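The next block holds one structure in the form of structure tokens; read it before the comments.
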Amino acid sequence: MSFTATHNSNAVSIFPMHKIPDIAPFRKKLNELNDQMADPDFYSDQRRAADVSREQMRLSTLVEKFEAWHNTVQQLEENEAMAEDESVDEELREMAREELESLAAERDKLANDVLRFMIPPDATDSRNSVMEIRGGAGGDEANIFAGDLFRMYSRYAETRGWRVEVMSSSPADVGGFKEIIFMMTGEEAYKYLKFESGVHRVQRVPATETQGRIHTSTATVAVLPEAQEVDVELNMNDLDISTMRASGAGGQHVNTTDSAVMMVHKPTGVTVYCADERSQIKNRAKALTVMRSRLLKAKEEEEHAKYAAERKGQIGTGDRSERIRTYNYPQGRLTDHRIGLSLSLPTVVDGDLDDLIDALQNYDYEARVQNLLEKQMA
């Protein structure tokens, strides 16, 4: 399967497009959404109104693209007929032939657009994102690398105008983090970050290395959609919540009051620890946010496993045990192993993730479109 590794949201992928899946169900759904939006009470529920409006916009664009595709197909057929019609003036036939290539290209582009808009976005794409980075194999160097990844994502957030809020952190003595959990707040944050989950591997000479030897270390990244209360039925009786004195950096006040919160979800064993705030109440609120997001992620992964066959070709599993990327400092190269893409390392680690994320999204879209076409042909 091909993909485009440039920063170009209009990149065209060529699929067998002799047929487009039936547009009628999409038109029907669009009409239903238009009726809902015409209801005087539509905006009384702001969250639902936003979701419906996004879906209505997607389907409106889909129908517009389909109409443009249909018109282009008709024009292409007319030009082909004219080019072969010996009763037509030769100059007109030549003009018709000259337009065939551009019309065919426009037909394929519009067909690709139609297929992509037929793919519904993940329900959580519009959410904020909770990210967890942990030092893995490699001791001190792994923790330093975890800090480098946090810096990379923080700089990327700056370029998009997102806000970064640390929920919990465990700084390492030599720099970096043993673990850091933070919230990315911004438009469609989860949509852009969801493919970052997995094992990130770094190859470089650590600052502590006296012999100049290259070491290989890892850090794990987990990306969770921010959960809403309606997503996860969280019974407070299922939580074992304890407070304690925070350890590590934070000043005298943090270390002498029971401000840290440890929260355990008894049915699943999911554990969250938050201690970055001086207020126990604030740490408790942050712990609940992380807990809900982890439980939602587990719920999503369970659903994805059920449809694994239908998701053939899509990017990984999102599992943090899957090695996804290598940061090779001696060669100045970053390689994403899932899609075979290599980019210049310095620009990426400095927060310029646009080309990388575009390529991952394009690859995922192509896999989804391919699955759609295979279902159509089955």
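Chain lettering (A, B, ...) mirrors the order of the structure tokens, residue numbering begins at 1 for each chain separately, and ligand numbering begins at 1 in order of display.
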(message) For Tyr327 in chain A, find every residue with an atom within 12 Å (counting only C-alpha atoms), except residues of its own chain fewer than 4 positions away, and show them as an MDAnalysis selection string.
(response) chainID A and resid 145 148:149 199:204 215:219 323 331:337 342:349
(message) I need the residues of range 40-196 of chain A that end up classed as strand (DSSP E) by DSSP on the backbone, written out as a PyMOL selection string.
(response) chain A and resi 129-135+163-171+177-185
(message) So that I can see what lies close to Ile23 in chain A, please list as a PyMOL selection string the residues with an atom at most 10 Å from it, counting only C-alpha atoms and leaving out residues fewer than 4 positions away in the same chain.
(response) chain A and resi 27-28+62-63+66+114+118
Write to file, as a CSV table (one decimal), in the first residue's frame, the residues of the selection just made, with C-alpha atoms.
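What landed in out14.csv:
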chain,number,residue,atom,x,y,z
A,27,ARG,CA,-27.9,11.4,2.1
A,28,LYS,CA,-30.6,10.0,4.4
A,62,LEU,CA,-19.2,14.1,1.3
A,63,VAL,CA,-22.4,14.8,-0.7
A,66,PHE,CA,-19.9,13.0,-4.6
A,114,VAL,CA,-15.6,10.8,-1.4
A,118,MET,CA,-17.3,8.0,3.9
(request) Name the residues in contact with Lys191 in chain A at a cut-off of 8 Å, using only C-alpha atoms, excluding same-chain residues fewer than 2 positions from it; report them as a ChimeraX atom specification. (result) /A:124-127,188-189,193-194
(message) Report as an NGL selection string all protein, DNA and RNA residues lying within 12 Å of Asp51 in chain A, evaluated on only C-alpha atoms, omitting residues in the same chain fewer than 2 positions from it.
(response) :A and (33 or 36-37 or 42-43 or 45-49 or 53-58 or 121-127)
(message) For a test of reading the model, state the distance in Å between CA of Met152 in chain A and CA of Val221 in chain A, rounded to one decimal.
(response) 12.4 Å
(message) At a cut-off of 6 Å, using only C-alpha atoms, what residues contact range 292-294 of chain A? Leave out same-chain residues fewer than 5 positions from it and give the result as a list in words.
(response) Leu224, Glu226 and Ala227 of chain A
(request) To one decimal in Å, tell me the separation between CA of Ser129 in chain A and CA of Met262 in chain A. (result) 21.3 Å
If we count only C-alpha atoms, what is near Ser168 in chain A at a cut-off of 7 Å, once residues fewer than 3 positions away on the same chain are taken out, given as a PDB file with N, CA and C atoms, in the first residue's frame?
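Just written: selection.pdb:
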ATOM      1  N   ILE A 180       5.924  10.689  33.535  1.00  0.00           N
ATOM      2  CA  ILE A 180       5.218  11.962  33.513  1.00  0.00           C
ATOM      3  C   ILE A 180       3.888  11.769  32.799  1.00  0.00           C
ATOM      4  N   ILE A 181       2.828  12.289  33.411  1.00  0.00           N
ATOM      5  CA  ILE A 181       1.482  12.216  32.850  1.00  0.00           C
ATOM      6  C   ILE A 181       0.994  13.649  32.676  1.00  0.00           C
ATOM      7  N   PHE A 182       0.490  13.968  31.483  1.00  0.00           N
ATOM      8  CA  PHE A 182       0.086  15.347  31.223  1.00  0.00           C
ATOM      9  C   PHE A 182      -1.110  15.382  30.282  1.00  0.00           C
ATOM     10  N   CYS A 274      -1.232  10.870  41.877  1.00  0.00           N
ATOM     11  CA  CYS A 274      -1.062  12.279  41.526  1.00  0.00           C
ATOM     12  C   CYS A 274      -0.565  13.049  42.740  1.00  0.00           C
ATOM     13  N   ALA A 275       0.508  13.815  42.542  1.00  0.00           N
ATOM     14  CA  ALA A 275       1.102  14.541  43.661  1.00  0.00           C
ATOM     15  C   ALA A 275       1.659  15.892  43.252  1.00  0.00           C
ATOM     16  N   ASP A 276       1.402  16.354  42.031  1.00  0.00           N
ATOM     17  CA  ASP A 276       2.040  17.579  41.563  1.00  0.00           C
ATOM     18  C   ASP A 276       1.434  18.844  42.153  1.00  0.00           C
TER      19      ASP A 276
END
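Among the candidates A:Leu30, A:Leu356, A:Gln211, A:Asn371, the residue lying nearest to Phe195 in chain A is A:Leu356 (atoms considered: only C-alpha atoms).
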